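J.: Just data-v5.cif, nothing more (mmCIF, C-alpha atoms and all ligand atoms):
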data_target
#
loop_
_atom_site.label_atom_id
_atom_site.label_comp_id
_atom_site.auth_asym_id
_atom_site.auth_seq_id
_atom_site.Cartn_x
_atom_site.Cartn_y
_atom_site.Cartn_z
CA MET A 7 6.03 -13.44 -2.08
CA SER A 8 6.56 -10.36 -4.21
CA ILE A 9 3.93 -7.82 -3.14
CA GLU A 10 2.07 -7.98 0.14
CA VAL A 11 -0.57 -5.36 0.81
CA ASP A 12 -2.12 -5.61 4.25
CA LYS A 13 -5.29 -3.76 5.17
CA ILE A 14 -4.47 -0.44 3.59
CA SER A 15 -7.03 2.34 3.67
CA PHE A 16 -6.65 5.80 2.22
CA ARG A 17 -8.78 8.89 2.50
CA TYR A 18 -8.59 12.19 0.61
CA ALA A 19 -10.05 15.15 2.49
CA ARG A 20 -13.67 14.19 1.89
CA LYS A 21 -13.44 10.89 0.08
CA THR A 22 -12.39 7.40 1.09
CA ALA A 23 -10.46 6.05 -1.91
CA LEU A 24 -9.34 2.67 -0.49
CA SER A 25 -10.90 0.59 2.28
CA GLU A 26 -9.04 -2.22 4.05
CA LEU A 27 -7.36 -3.49 0.89
CA SER A 28 -5.31 -6.69 1.26
CA PHE A 29 -3.72 -8.98 -1.31
CA ILE A 30 -0.57 -10.97 -2.02
CA LEU A 31 1.17 -11.46 -5.37
CA GLU A 32 3.78 -14.14 -6.01
CA ASN A 33 7.02 -13.66 -7.97
CA GLY A 34 6.55 -13.73 -11.72
CA GLN A 35 2.79 -13.34 -11.53
CA PHE A 36 0.85 -11.24 -14.05
CA CYS A 37 -1.99 -9.61 -12.18
CA ALA A 38 -4.67 -7.34 -13.58
CA LEU A 39 -5.85 -4.60 -11.23
CA LEU A 40 -9.27 -4.21 -12.73
CA GLY A 41 -11.72 -1.49 -11.86
CA PRO A 42 -13.87 1.21 -13.42
CA ASN A 43 -12.91 4.87 -13.27
CA GLY A 44 -12.63 6.05 -9.70
CA ALA A 45 -12.17 2.53 -8.28
CA GLY A 46 -8.95 3.51 -6.53
CA LYS A 47 -6.32 2.05 -8.88
CA SER A 48 -4.20 5.18 -9.18
CA THR A 49 -4.42 5.78 -5.44
CA LEU A 50 -3.05 2.28 -4.83
CA PHE A 51 -0.21 2.99 -7.26
CA ALA A 52 0.53 6.28 -5.51
CA LEU A 53 0.82 4.42 -2.20
CA LEU A 54 2.97 1.62 -3.65
CA THR A 55 5.35 4.18 -5.16
CA ARG A 56 5.39 6.47 -2.12
CA LEU A 57 3.85 9.42 -3.93
CA TYR A 58 1.41 9.36 -1.03
CA ALA A 59 2.26 8.35 2.51
CA LEU A 60 0.44 5.35 3.93
CA GLN A 61 -2.35 6.35 6.30
CA GLN A 62 -3.31 2.87 7.44
CA GLY A 63 -2.02 -0.66 6.86
CA ASN A 64 1.29 -2.03 5.56
CA ILE A 65 2.98 -2.75 2.25
CA HIS A 66 5.89 -5.16 1.77
CA ILE A 67 7.75 -5.65 -1.49
CA GLN A 68 10.02 -8.73 -1.61
CA GLY A 69 9.66 -8.91 2.15
CA LEU A 70 10.86 -5.30 2.62
CA ASP A 71 8.67 -2.91 4.55
CA LEU A 72 7.82 0.19 2.51
CA GLN A 73 7.85 2.37 5.59
CA THR A 74 11.08 1.20 7.19
CA ALA A 75 13.10 0.34 4.07
CA PRO A 76 11.81 2.78 1.42
CA THR A 77 15.03 3.04 -0.60
CA GLN A 78 15.43 -0.71 -0.95
CA VAL A 79 11.76 -1.04 -1.84
CA MET A 80 12.03 1.57 -4.59
CA GLN A 81 14.97 -0.36 -6.05
CA GLN A 82 12.58 -3.29 -6.51
CA LEU A 83 9.97 -1.25 -8.36
CA GLY A 84 9.69 -0.24 -11.99
CA VAL A 85 6.78 2.09 -12.71
CA VAL A 86 4.92 3.21 -15.81
CA PHE A 87 2.48 5.95 -14.91
CA GLN A 88 -0.76 6.69 -16.72
CA GLN A 89 0.63 9.91 -18.22
CA SER A 90 3.74 9.52 -20.35
CA THR A 91 6.82 11.25 -19.00
CA LEU A 92 9.17 10.82 -21.95
CA ASP A 93 10.88 13.88 -23.40
CA LEU A 94 9.56 14.00 -26.96
CA ASP A 95 12.51 16.01 -28.26
CA LEU A 96 15.16 13.59 -27.04
CA THR A 97 15.96 10.31 -28.73
CA VAL A 98 14.93 7.00 -27.21
CA GLN A 99 18.56 6.41 -26.19
CA GLN A 100 18.85 9.86 -24.58
CA ASN A 101 15.65 9.39 -22.60
CA LEU A 102 16.87 6.08 -21.27
CA ALA A 103 20.41 7.32 -20.59
CA TYR A 104 19.03 10.16 -18.49
CA HIS A 105 16.92 7.77 -16.46
CA ALA A 106 19.82 5.32 -16.12
CA SER A 107 21.99 8.05 -14.63
CA LEU A 108 19.30 8.75 -12.03
CA HIS A 109 19.78 5.15 -10.95
CA GLY A 110 23.56 5.51 -10.86
CA LEU A 111 24.11 3.68 -14.16
CA CYS A 112 26.62 5.43 -16.43
CA GLY A 113 28.92 4.86 -19.41
CA ALA A 114 29.27 1.37 -20.84
CA THR A 115 27.13 -0.22 -18.12
CA ALA A 116 24.23 2.06 -18.96
CA ARG A 117 24.65 1.47 -22.69
CA VAL A 118 24.54 -2.29 -22.20
CA ARG A 119 21.45 -2.12 -19.99
CA ILE A 120 19.68 0.20 -22.42
CA ALA A 121 20.46 -2.09 -25.35
CA GLN A 122 19.21 -5.13 -23.41
CA GLU A 123 15.91 -3.56 -22.44
CA LEU A 124 15.25 -2.05 -25.86
CA GLU A 125 15.96 -5.43 -27.41
CA ARG A 126 13.52 -7.09 -25.03
CA MET A 127 10.82 -4.60 -26.06
CA ALA A 128 11.71 -5.03 -29.77
CA MET A 129 12.71 -1.34 -29.94
CA LYS A 130 16.50 -1.57 -30.40
CA GLU A 131 16.35 -0.41 -34.02
CA ARG A 132 14.60 2.80 -32.93
CA ALA A 133 17.19 3.82 -30.31
CA HIS A 134 18.39 6.90 -32.17
CA GLU A 135 15.01 8.25 -33.23
CA LYS A 136 13.34 11.10 -31.42
CA VAL A 137 10.46 9.91 -29.24
CA ARG A 138 8.20 12.37 -31.05
CA SER A 139 8.45 10.23 -34.20
CA LEU A 140 7.22 7.06 -32.46
CA ASN A 141 3.61 5.96 -32.33
CA GLY A 142 1.81 5.59 -28.99
CA GLY A 143 2.42 1.87 -28.63
CA HIS A 144 6.14 2.23 -29.27
CA ARG A 145 6.41 5.12 -26.82
CA ARG A 146 4.86 2.90 -24.18
CA ARG A 147 7.39 0.16 -24.95
CA VAL A 148 10.18 2.70 -24.44
CA GLU A 149 8.66 3.62 -21.08
CA ILE A 150 8.60 -0.02 -20.05
CA ALA A 151 12.23 -0.46 -21.14
CA ARG A 152 13.06 2.61 -19.08
CA ALA A 153 11.22 1.27 -16.04
CA LEU A 154 13.25 -1.95 -16.19
CA LEU A 155 16.73 -0.39 -16.52
CA HIS A 156 17.58 -0.83 -12.85
CA GLN A 157 16.39 -4.46 -12.97
CA PRO A 158 13.43 -4.26 -10.60
CA SER A 159 11.57 -7.40 -9.61
CA VAL A 160 8.16 -5.72 -9.80
CA LEU A 161 6.65 -3.70 -12.64
CA LEU A 162 3.64 -1.46 -11.99
CA LEU A 163 1.69 -0.17 -14.99
CA ASP A 164 -1.17 2.28 -14.53
CA GLU A 165 -3.57 2.05 -17.50
CA PRO A 166 -0.62 1.62 -19.90
CA THR A 167 -2.79 1.23 -23.00
CA THR A 168 -4.61 4.55 -22.65
CA GLY A 169 -4.92 6.11 -26.11
CA LEU A 170 -3.63 3.06 -28.02
CA ASP A 171 -5.50 1.34 -30.85
CA PRO A 172 -6.62 -2.30 -30.31
CA GLN A 173 -3.66 -3.79 -32.15
CA ALA A 174 -1.10 -1.79 -30.18
CA ARG A 175 -2.93 -2.59 -26.93
CA LYS A 176 -2.75 -6.30 -27.62
CA ALA A 177 0.94 -6.17 -28.61
CA LEU A 178 1.86 -4.24 -25.46
CA ASN A 179 -0.10 -6.62 -23.27
CA LEU A 180 1.72 -9.59 -24.83
CA HIS A 181 5.14 -7.97 -24.38
CA VAL A 182 4.46 -7.40 -20.71
CA ARG A 183 3.19 -10.94 -20.13
CA GLN A 184 6.44 -12.17 -21.65
CA LEU A 185 8.37 -10.36 -18.90
CA CYS A 186 6.65 -12.53 -16.30
CA THR A 187 7.35 -15.83 -18.03
CA ASP A 188 10.89 -15.00 -19.23
CA SER A 189 12.25 -13.02 -16.30
CA MET A 190 9.95 -13.78 -13.35
CA ILE A 191 9.06 -10.11 -13.06
CA THR A 192 5.86 -9.55 -11.10
CA VAL A 193 3.46 -7.33 -13.02
CA LEU A 194 0.55 -5.31 -11.65
CA TRP A 195 -1.37 -4.03 -14.70
CA ALA A 196 -4.10 -1.53 -13.85
CA THR A 197 -6.92 -1.31 -16.35
CA HIS A 198 -10.62 -0.68 -16.76
CA LEU A 199 -10.64 -2.72 -19.99
CA ILE A 200 -11.80 -6.29 -19.50
CA ASP A 201 -10.45 -7.41 -22.88
CA GLU A 202 -6.93 -7.00 -21.47
CA VAL A 203 -7.64 -9.78 -18.99
CA LEU A 204 -7.53 -13.53 -19.69
CA PRO A 205 -9.79 -16.00 -17.85
CA GLU A 206 -6.79 -17.64 -16.15
CA ASP A 207 -5.17 -14.35 -15.08
CA ARG A 208 -4.93 -13.35 -11.50
CA VAL A 209 -7.39 -10.46 -11.15
CA LEU A 210 -7.91 -7.98 -8.35
CA LEU A 211 -11.31 -6.44 -8.91
CA LEU A 212 -11.49 -3.04 -7.27
CA HIS A 213 -14.68 -1.03 -7.04
CA GLN A 214 -15.24 2.12 -5.02
CA GLY A 215 -12.08 1.44 -3.05
CA ARG A 216 -13.01 -2.10 -2.05
CA LEU A 217 -11.60 -5.38 -3.28
CA LEU A 218 -14.53 -7.38 -4.65
CA SER A 219 -12.53 -10.36 -5.91
CA SER A 220 -8.96 -11.57 -5.64
CA GLY A 221 -9.06 -14.74 -7.71
CA THR A 222 -8.88 -15.31 -11.45
CA GLY A 223 -10.84 -13.88 -14.36
CA LEU A 224 -13.00 -16.98 -14.29
CA ASP A 225 -13.77 -16.38 -10.63
CA LEU A 226 -15.45 -13.12 -11.66
CA CYS A 227 -17.87 -15.21 -13.73
CA ASN A 228 -18.51 -17.59 -10.85
CA LEU A 229 -19.03 -14.71 -8.45
CA SER A 230 -21.57 -13.01 -10.71
CA GLY A 231 -23.22 -16.05 -12.31
CA GLN A 232 -22.32 -14.69 -15.77
CA SER A 233 -20.61 -16.76 -18.43
CA HIS A 234 -18.59 -13.91 -19.96
CA MET A 235 -16.03 -11.85 -18.09
CA ALA A 236 -17.27 -8.62 -19.69
CA ASP A 237 -20.80 -9.26 -18.35
CA ALA A 238 -19.40 -10.26 -14.97
CA PHE A 239 -17.33 -7.07 -14.76
CA GLU A 240 -20.31 -4.94 -15.72
CA GLN A 241 -22.60 -6.62 -13.23
CA LEU A 242 -20.17 -6.54 -10.34
CA THR A 243 -19.33 -2.88 -10.81
CA GLN A 244 -22.67 -1.37 -11.74
CA VAL A 245 -23.99 -1.05 -8.19
CA PRO A 246 -22.29 0.41 -5.13
CA ALA A 247 -19.59 -2.00 -4.00
CA GLN A 248 -20.86 -4.95 -2.03
CA ILE A 249 -18.30 -7.31 -0.60
CA PRO A 250 -19.34 -10.93 -1.25
CA GLY A 251 -20.41 -12.62 1.96
CA GLN A 252 -21.04 -9.32 3.74
CA ALA A 253 -24.35 -7.64 4.43
CA PRO A 254 -25.16 -4.84 1.97
CA THR A 255 -24.93 -1.25 3.12
CA LYS A 256 -28.10 0.82 3.39
CA GLU A 257 -27.29 2.37 0.03
CA GLN A 258 -26.93 -1.06 -1.60
CA ALA A 259 -30.05 -2.48 -0.05
CA VAL A 260 -32.37 0.12 -1.57
N1 LIG B 1 -6.54 14.29 -5.30
C1 LIG B 1 -7.74 13.84 -5.02
N2 LIG B 1 -8.56 14.49 -4.17
C2 LIG B 1 -9.78 14.04 -3.84
N3 LIG B 1 -10.29 12.90 -4.33
C3 LIG B 1 -9.53 12.18 -5.19
C4 LIG B 1 -8.24 12.62 -5.57
N4 LIG B 1 -7.72 11.70 -6.43
C5 LIG B 1 -8.66 10.77 -6.57
N5 LIG B 1 -9.74 11.06 -5.84
C6 LIG B 1 -10.97 10.25 -5.72
O1 LIG B 1 -10.59 9.01 -5.15
C7 LIG B 1 -11.30 7.94 -5.80
C8 LIG B 1 -10.29 6.96 -6.41
O2 LIG B 1 -9.63 7.64 -7.47
P1 LIG B 1 -8.46 6.96 -8.32
O3 LIG B 1 -7.91 8.02 -9.24
O4 LIG B 1 -7.52 6.29 -7.40
O5 LIG B 1 -9.27 5.87 -9.15
P2 LIG B 1 -8.86 5.10 -10.49
O6 LIG B 1 -9.38 3.73 -10.37
O7 LIG B 1 -7.40 5.26 -10.73
O8 LIG B 1 -9.68 5.89 -11.59
P3 LIG B 1 -9.20 6.47 -13.02
O9 LIG B 1 -9.10 5.29 -13.91
O10 LIG B 1 -10.33 7.39 -13.38
O11 LIG B 1 -7.90 7.18 -12.78
C9 LIG B 1 -12.21 8.59 -6.82
O12 LIG B 1 -13.48 8.74 -6.26
C10 LIG B 1 -11.56 9.94 -7.08
O13 LIG B 1 -12.54 10.89 -7.43
#
Can the structure in the file be given as structure tokens, please?
T.:
Amino acid sequence: MSIEVDKISFRYARKTALSELSFILENGQFCALLGPNGAGKSTLFALLTRLYALQQGNIHIQGLDLQTAPTQVMQQLGVVFQQSTLDLDLTVQQNLAYHASLHGLCGATARVRIAQELERMAMKERAHEKVRSLNGGHRRRVEIARALLHQPSVLLLDEPTTGLDPQARKALNLHVRQLCTDSMITVLWATHLIDEVLPEDRVLLLHQGRLLSSGTGLDLCNLSGQSHMADAFEQLTQVPAQIPGQAPTKEQAV
């Protein structure tokens, strides 16, 4: 298995952001981490990437324990955060070369890796343009190419389509799906947009820090009794989180 999250919980000073979250993703799987604003998606990403220390539970990536083998785990992860971190005044090539050097890739090796990843994202022709001149969708593709330079087995994307128009959103989503089928990269794609999810996709539905569903998009429909995923998503996330099969809390029962 690629990602194994076992009963993780996380609390900010006054707010529980994740409660007993567990799931497993297999190699090469595309998985949508779906949840409305405040569901806990970014908190999960912060734990997976060690921005925050685990408070409770365990995370394994490719069988490696995040707490006892953090360096090896980070080698397995490529990350695209919600906020872009490209330097707008450097070229695409320069941005990637800088990142490559952080991973110990220099000279010809770095140039080859950069060319390969830009090619894969259909951005090779733009290598010598300043990032500032690229549109939002192309900037995101550069960020994905950058995240893959060190050849991780897992790619985490936190709301990668924020600010993109529908066409660019669709193109980016397709590019990322291709990574799973072509290269067996495991993708965790966080979003609050149901139209980025296909019925057959693996979907983790997160709401108020709890995992409501860990099946497919279609399972959301079955769980809610709705025939469209958009309606299912709306229904399942409009009330305080209630875990299927468990008694409602006082707040839910009213
Ligand atoms: N630094 C923080 N301090 C206190 N509470 C926080 C902090 N960051 C997030 N939270 C709270 O934790 C919960 C989960 O937030 P999180 O950002 O992980 O959700 P999200 O699904 O990523 O939402 P969004 O799409 O809005 O980023 C929310 O209730 C949020 O208000």
J.: Neighbours of ligand LIG 1 (chain B) within 12 Å, counting only C-alpha atoms and all ligand atoms, as JSON, numbers by chain?
T.: {"A": [15, 16, 17, 18, 19, 20, 21, 22, 23, 24, 25, 39, 40, 41, 42, 43, 44, 45, 46, 47, 48, 49, 50, 51, 52, 53, 57, 58, 87, 88, 89, 163, 164, 165, 166, 167, 168, 195, 196, 197, 198, 199, 210, 211, 212, 213, 214, 215, 216, 217, 243]}
J.: Select, from A:Ile120, A:Ala59, A:Ala153, A:Leu111, the residue with the minimum atom-to-atom distance to Ser90 of chain A, counting only C-alpha atoms.
T.: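 Using only C-alpha atoms, the shortest distance to Ser90 of chain A belongs to A:Ala153.
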J.: Which residue, A:Ala38, A:Val85, A:Leu60, A:Val137, has the smallest gap to Ile150 of chain A when you use all atoms listed in the file?
T.: A:Val85
J.: What gap, in Å, lies between atom CA of Gly221 of chain A and atom CA of Arg208 of chain A?
T.: 5.8 Å
J.: When you count only C-alpha atoms, which of these residues is closest to Leu124 of chain A: A:Glu149, A:Ala106, A:Glu206, A:Gly142?
T.: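 Once distances to Leu124 of chain A are computed over only C-alpha atoms, the minimum belongs to A:Glu149.
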J.: Between A:Leu140, A:Phe239, A:Pro158, A:Ile30, which one has atoms that come closest to Gln82 of chain A, using all atoms listed in the file?
T.: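 Checking each of A:Leu140, A:Phe239, A:Pro158, A:Ile30 against Gln82 of chain A, counting all atoms listed in the file, the winner is A:Pro158.
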J.: Nearest to Arg145 of chain A among A:Glu32, A:Glu131, A:Asp93, A:Glu26, with distances taken over all atoms listed in the file: which residue is it?
T.: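 Smallest separation from Arg145 of chain A among the options: A:Asp93.
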J.: Just want the 12 Å neighbourhood of Ala177 of chain A, counted on all atoms listed in the file, with same-chain residues fewer than 5 positions away dropped. Output as a PyMOL selection string.
T.: chain A and resi 127-128+142-144+146-147+166-167+170-172+182-184+202
J.: Could you pull the residues within 6 Å of Leu161 of chain A, counting only C-alpha atoms, minus those fewer than 2 positions along the same chain, as number ranges by chain?
T.: A: 83-85, 193
J.: Using atom CA of Gly69 of chain A and atom CA of Asp12 of chain A as the two end points, give the distance in Å to one decimal.
T.: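 One can read the atom CA of Gly69 of chain A to atom CA of Asp12 of chain A distance as 12.4 Å.
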J.: Let me make sure I understand: among A:Leu204, A:Val79, A:Leu155, A:Leu229, which one has the smallest atom-to-atom distance to His105 of chain A if we use all atoms listed in the file?
T.: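 Of the candidates, the smallest distance to His105 of chain A is held by A:Leu155.
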J.: State, in Å with one decimal place, the distance from atom CA of Leu180 of chain A to atom CA of Gln232 of chain A.
T.: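 Distance between the two atoms: 26.2 Å.
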J.: Could you write out as JSON the box around segment 157-175 of chain A (axis-aligned, all atoms listed in the file, 4 Å on each side), with centre and edge lengths in Å to one decimal?
T.:
{"center_x": 4.9, "center_y": -0.6, "center_z": -20.9, "size_x": 31.0, "size_y": 21.5, "size_z": 30.5}
J.: Excluding segment 234-238 of chain A and its own-chain neighbours fewer than 3 positions away, which residues fall within 8 Å of it when counting all atoms listed in the file? Please give them as number ranges by chain.
T.: A: 200-201, 205, 223-224, 226-227, 229-231, 241-242
J.: Hey, what's within 12 Å of Ile9 of chain A if we count only C-alpha atoms and toss same-chain stuff fewer than 5 positions away? As a PDB file with C-alpha atoms, in the frame of the given file, please?
T.:
ATOM      1  CA  SER A  28      -5.310  -6.690   1.260  1.00  0.00           C
ATOM      2  CA  PHE A  29      -3.720  -8.980  -1.310  1.00  0.00           C
ATOM      3  CA  ILE A  30      -0.570 -10.970  -2.020  1.00  0.00           C
ATOM      4  CA  LEU A  31       1.170 -11.460  -5.370  1.00  0.00           C
ATOM      5  CA  GLU A  32       3.780 -14.140  -6.010  1.00  0.00           C
ATOM      6  CA  ASN A  33       7.020 -13.660  -7.970  1.00  0.00           C
ATOM      7  CA  GLY A  34       6.550 -13.730 -11.720  1.00  0.00           C
ATOM      8  CA  GLN A  35       2.790 -13.340 -11.530  1.00  0.00           C
ATOM      9  CA  PHE A  36       0.850 -11.240 -14.050  1.00  0.00           C
ATOM     10  CA  CYS A  37      -1.990  -9.610 -12.180  1.00  0.00           C
ATOM     11  CA  LEU A  54       2.970   1.620  -3.650  1.00  0.00           C
ATOM     12  CA  ASN A  64       1.290  -2.030   5.560  1.00  0.00           C
ATOM     13  CA  ILE A  65       2.980  -2.750   2.250  1.00  0.00           C
ATOM     14  CA  HIS A  66       5.890  -5.160   1.770  1.00  0.00           C
ATOM     15  CA  ILE A  67       7.750  -5.650  -1.490  1.00  0.00           C
ATOM     16  CA  GLN A  68      10.020  -8.730  -1.610  1.00  0.00           C
ATOM     17  CA  GLY A  69       9.660  -8.910   2.150  1.00  0.00           C
ATOM     18  CA  LEU A  70      10.860  -5.300   2.620  1.00  0.00           C
ATOM     19  CA  ASP A  71       8.670  -2.910   4.550  1.00  0.00           C
ATOM     20  CA  LEU A  72       7.820   0.190   2.510  1.00  0.00           C
ATOM     21  CA  VAL A  79      11.760  -1.040  -1.840  1.00  0.00           C
ATOM     22  CA  GLN A  82      12.580  -3.290  -6.510  1.00  0.00           C
ATOM     23  CA  LEU A  83       9.970  -1.250  -8.360  1.00  0.00           C
ATOM     24  CA  SER A 159      11.570  -7.400  -9.610  1.00  0.00           C
ATOM     25  CA  VAL A 160       8.160  -5.720  -9.800  1.00  0.00           C
ATOM     26  CA  LEU A 161       6.650  -3.700 -12.640  1.00  0.00           C
ATOM     27  CA  LEU A 162       3.640  -1.460 -11.990  1.00  0.00           C
ATOM     28  CA  ILE A 191       9.060 -10.110 -13.060  1.00  0.00           C
ATOM     29  CA  THR A 192       5.860  -9.550 -11.100  1.00  0.00           C
ATOM     30  CA  VAL A 193       3.460  -7.330 -13.020  1.00  0.00           C
ATOM     31  CA  LEU A 194       0.550  -5.310 -11.650  1.00  0.00           C
TER      32      LEU A 194
END
J.: At most 6 Å is the cut-off: for each residue in segment 111-191 of chain A with any atom that close to an atom of segment 94-102 of chain A, write down the nearest atom pair and the distance in Å rounded to one decimal, counting all atoms listed in the file, chain first then increasing number, as a Markdown table.
T.:
| residue | atom | partner | partner_atom | distance |
| --- | --- | --- | --- | --- |
| A:Ala133 | CA | A:Val98 | CA | 5.0 |
| A:His134 | CA | A:Thr97 | CA | 5.4 |
| A:Glu135 | CA | A:Thr97 | CA | 5.0 |
| A:Lys136 | CA | A:Thr97 | CA | 3.8 |
| A:Val137 | CA | A:Leu94 | CA | 4.8 |
| A:Arg138 | CA | A:Leu94 | CA | 4.6 |
| A:Arg152 | CA | A:Leu102 | CA | 5.6 |
